[in-house]
Amino acid sequence: MRYSIFSLMRQALSGHRGWGPAWRDATPKPSYDVIVVGGGGHGLATAHYLAKVHGLTKVAVLEKGWIGSGNAGRNTTIIRSNYLLAGNNPFYEFSLKLWEGLEQDLNYNTMVSQRGVLNLYHSDAQRDAYARRGNAMRMHGVDAELLDREAVRAKLPFLDFDNGRFPIQGGLLQRRGGTARHDAVVWGFARAASERGVDIVQNCEVTGFLREGRRITGVQTTRGDIQAAKVGIAVAGNTSRLGQMAGLRLPIESHVLQAFVSEAIKPLIDCVVTFGAGHFYVSQSDKGGLVFGGDIDGYNSYAQRGNLPTVEDVCESGMAVMPVIGRVRMLRSWGGIMDMSMDGSPIIDHTPLPGLYLNAGWCYGGFKATPASGYCFAHLLARDESHETARAYRLDRFATGHLLDEKGQGAQPNLH
Ligand SMILES: Cc1cc2nc3c(=O)[nH]c(=O)nc-3n(C[C@H](O)[C@H](O)[C@H](O)COP(=O)(O)OP(=O)(O)OC[C@H]3O[C@@H](n4cnc5c(N)ncnc54)[C@H](O)[C@@H]3O)c2cc1C
């Protein structure tokens with residue numbers, strides 16, 4: 001069924017009894033051309049573009065829980081392309097462009113809201129670094145504006161401009177950045193892929209790989225063995241576990257990232273704001289809650305829950321930049337598992353095992369990448385070559401030393 005004002009009117013007149021399920025909950029077949037492991041945003045987007053761009057429809061997405069039960073349904077929904085490095089910037093800008101047309105492409109309201117992303121700076125040195133990043137963005141044709149203190153004050157007068165330790169001097173603004181509705185993104189990609197014939201199989205955990213020599217020829221699952229000519233892994237925080245099943249040691253550590261939402265309040269923040277002197281960022285949801293987050297937990301974990309020291313750390317950072325936040329009550333918090341790579345940048349590449357492909361290392365920035373990640377992974381799976389915007393995301397860069405260290409912090413996943 002195509003969603004439109006007319007279908008809405010038709011359903012309204014018939015008591016909304018005619019809406020069908022948005023996608024087929026399929027049972028697995030014995031074999032496929034391509035299996036994508038992981039029914040998060042990246043896995044589902046990959047399936048959508050495999051079917052739409054490459055005409056491959058003998059495709060299955062295998063998800064151990066329900067689609068969107070991982071980070072796709074747990075993130076703080078920020079989308080942006082304000083990257084410095086030449087290896088990253090074109091990819092994230094490609095993603096932002098796909099976001100800009102996504103609702104039309106999927107015929108689904110993913111609530112893309114280009115409300116702007118503002119990174120605050122608090123020192124002369126940081127202003128210079130942000131000016132450099134803004135210039136790099138503009139040289140790649142990406143929008144960027146350096147705001148001074150008064151321009152930021154006009155937009156967000158309630159911030160603590162004269163904080164004794166971290167006075168606000170200004171900010172780098174990307175107006176085309178913003179937010180999108182995370183679960184709608186999952187459902188929209190699932191619906192579009194399913195419509196083209198892709199099997200979306202929930203409650204189907206991959207527990208091992210089928211092989212002929214070194215070649216991967218399928219997967220073992222909790223619902224039986226399934227053969228496939230190609231298998232793509234897109235399991236975010238569980239990447240190293242899947243890697244271990246295949247006998248691969250990957251340059252990835254898993255850490256928990258937490259997010260928080262406050263009670264609903266009247267409109268206060270009309271953009272996304274990030275604190276430049278600590279790790280804290282905040283936006284306001286359409287329901288009125290302040291949605292915010294900060295650092296990952298310091299130790300490795302596969303548990304989808306956070307810990308109290310990080311709650312304290314995030315709230316402290318929030319109070320340092322935006323003391324009004326102390327007046328609202330926190331409603332909920334939750335955690336997701338991040339696949340932190342050693343240079344903070346992702347991997348979209350073949351693995352050393354023929355037939356096995358890898359989409360991973362998204363750290364805490366993979367939501368914004370969802371459309372481009374799916375597009376480029378589908379390109380790799382279908383054509384066996386990297387998409388032009390994802391050529392830098394090679395797995396062997398960790399061996400050759402061609403790192404994409406956007407923050408310049410070295411092999412410290414807990415700092416990226
Ligand atoms: C709190 C939080 C805030 C974030 N905020 C942002 C943000 O504002 N902006 C941004 O760009 N990014 C953000 N991120 C990061 C972003 O959510 C992730 O990088 C991105 O969602 C990862 O890709 P995915 O959607 O495919 O992952 P997931 O949704 O995690 O998908 C992976 C799926 O694989 C499944 N799986 C795992 N193992 C198996 C198996 N053995 N068999 C079958 N299935 C399996 C999982 O159940 C899961 O559903 C945030 C993440 C968190 C947790």
# chains A, B, ... in the order shown; residues from 1 in each chain; ligands from 1
call {"tool": "residues_around", "arguments": {"residues": "A:Gly366", "least_positions_apart": "6", "cutoff": "9 Å", "atoms": "only C-alpha atoms", "output": "list of chain:residue names"}}
result
A:His42, A:Asn71, A:Ala72, A:Ala236, A:Pro346, A:Ser373
call {"tool": "write_last_selection", "arguments": {"atoms": "all heavy atoms", "output": "PDB file, in the first residue's frame"}}
result
ATOM      1  N   HIS A  42      21.399  -0.150   9.513  1.00  0.00           N
ATOM      2  CA  HIS A  42      22.385  -0.399   8.452  1.00  0.00           C
ATOM      3  C   HIS A  42      22.048  -1.658   7.660  1.00  0.00           C
ATOM      4  O   HIS A  42      22.143  -1.669   6.435  1.00  0.00           O
ATOM      5  CB  HIS A  42      23.788  -0.501   9.048  1.00  0.00           C
ATOM      6  CG  HIS A  42      24.276   0.803   9.607  1.00  0.00           C
ATOM      7  ND1 HIS A  42      25.565   1.238   9.460  1.00  0.00           N
ATOM      8  CD2 HIS A  42      23.646   1.769  10.313  1.00  0.00           C
ATOM      9  CE1 HIS A  42      25.704   2.427  10.051  1.00  0.00           C
ATOM     10  NE2 HIS A  42      24.548   2.751  10.583  1.00  0.00           N
ATOM     11  N   ASN A  71      20.959  -0.559  18.439  1.00  0.00           N
ATOM     12  CA  ASN A  71      21.241   0.878  18.520  1.00  0.00           C
ATOM     13  C   ASN A  71      20.314   1.725  17.650  1.00  0.00           C
ATOM     14  O   ASN A  71      20.074   2.892  17.952  1.00  0.00           O
ATOM     15  CB  ASN A  71      22.681   1.147  18.092  1.00  0.00           C
ATOM     16  CG  ASN A  71      23.657   0.475  19.018  1.00  0.00           C
ATOM     17  OD1 ASN A  71      23.323   0.204  20.161  1.00  0.00           O
ATOM     18  ND2 ASN A  71      24.845   0.188  18.534  1.00  0.00           N
ATOM     19  N   ALA A  72      19.804   1.110  16.572  1.00  0.00           N
ATOM     20  CA  ALA A  72      18.922   1.878  15.681  1.00  0.00           C
ATOM     21  C   ALA A  72      17.735   2.431  16.455  1.00  0.00           C
ATOM     22  O   ALA A  72      17.250   3.530  16.170  1.00  0.00           O
ATOM     23  CB  ALA A  72      18.447   0.995  14.541  1.00  0.00           C
ATOM     24  N   ALA A 236      26.715  -3.961  14.446  1.00  0.00           N
ATOM     25  CA  ALA A 236      27.142  -2.891  15.365  1.00  0.00           C
ATOM     26  C   ALA A 236      27.922  -3.469  16.554  1.00  0.00           C
ATOM     27  O   ALA A 236      28.959  -4.100  16.353  1.00  0.00           O
ATOM     28  CB  ALA A 236      25.933  -2.068  15.789  1.00  0.00           C
ATOM     29  N   PRO A 346      34.598   4.182  10.478  1.00  0.00           N
ATOM     30  CA  PRO A 346      33.997   2.871  10.213  1.00  0.00           C
ATOM     31  C   PRO A 346      34.791   1.998   9.244  1.00  0.00           C
ATOM     32  O   PRO A 346      35.796   2.424   8.670  1.00  0.00           O
ATOM     33  CB  PRO A 346      32.644   3.247   9.604  1.00  0.00           C
ATOM     34  CG  PRO A 346      32.865   4.575   8.980  1.00  0.00           C
ATOM     35  CD  PRO A 346      33.884   5.275   9.813  1.00  0.00           C
ATOM     36  N   SER A 373      25.637   4.185   4.599  1.00  0.00           N
ATOM     37  CA  SER A 373      26.227   2.902   4.976  1.00  0.00           C
ATOM     38  C   SER A 373      25.530   1.779   4.219  1.00  0.00           C
ATOM     39  O   SER A 373      26.177   0.890   3.652  1.00  0.00           O
ATOM     40  CB  SER A 373      26.095   2.708   6.485  1.00  0.00           C
ATOM     41  OG  SER A 373      26.264   1.366   6.828  1.00  0.00           O
TER      42      SER A 373
END
call {"tool": "residues_near_ligand", "arguments": {"ligand": "ligand 1", "cutoff": "7 Å", "atoms": "only C-alpha atoms and all ligand atoms", "output": "PyMOL selection string"}}
result
chain A and resi 37-43+62-79+204-207+234-238+242+256-259+293+334-338+362-370
call {"tool": "select_by_dssp", "arguments": {"residues": "stretch 223-352 of chain A", "states": "strand (DSSP E)", "output": "NGL selection string"}}
result
:A and (224-233 or 252-264 or 272-274 or 280-284 or 289-300 or 330-341 or 347-350)
call {"tool": "residues_around", "arguments": {"residues": "A:Ala131", "least_positions_apart": "4", "cutoff": "8 Å", "atoms": "only C-alpha atoms", "output": "NGL selection string"}}
result
:A and (127 or 135 or 146 or 172)
call {"tool": "closest_residue", "arguments": {"among": "A:Val185, A:Ile265, A:Leu120, A:Cys315", "to": "A:Arg153", "atoms": "only C-alpha atoms"}}
result
A:Leu120
call {"tool": "closest_residue", "arguments": {"among": "A:Ile226, A:Ala372, A:Val273, A:Met137", "to": "A:Gly116", "atoms": "only C-alpha atoms"}}
result
A:Val273
call {"tool": "atom_distance", "arguments": {"atom1": "atom CA of A:Met245", "atom2": "atom CA of A:Asp225"}}
result
14.6 Å
call {"tool": "closest_residue", "arguments": {"among": "A:Val314, A:Ala382, A:Leu147, A:Leu8", "to": "A:Thr57", "atoms": "only C-alpha atoms"}}
result
A:Ala382
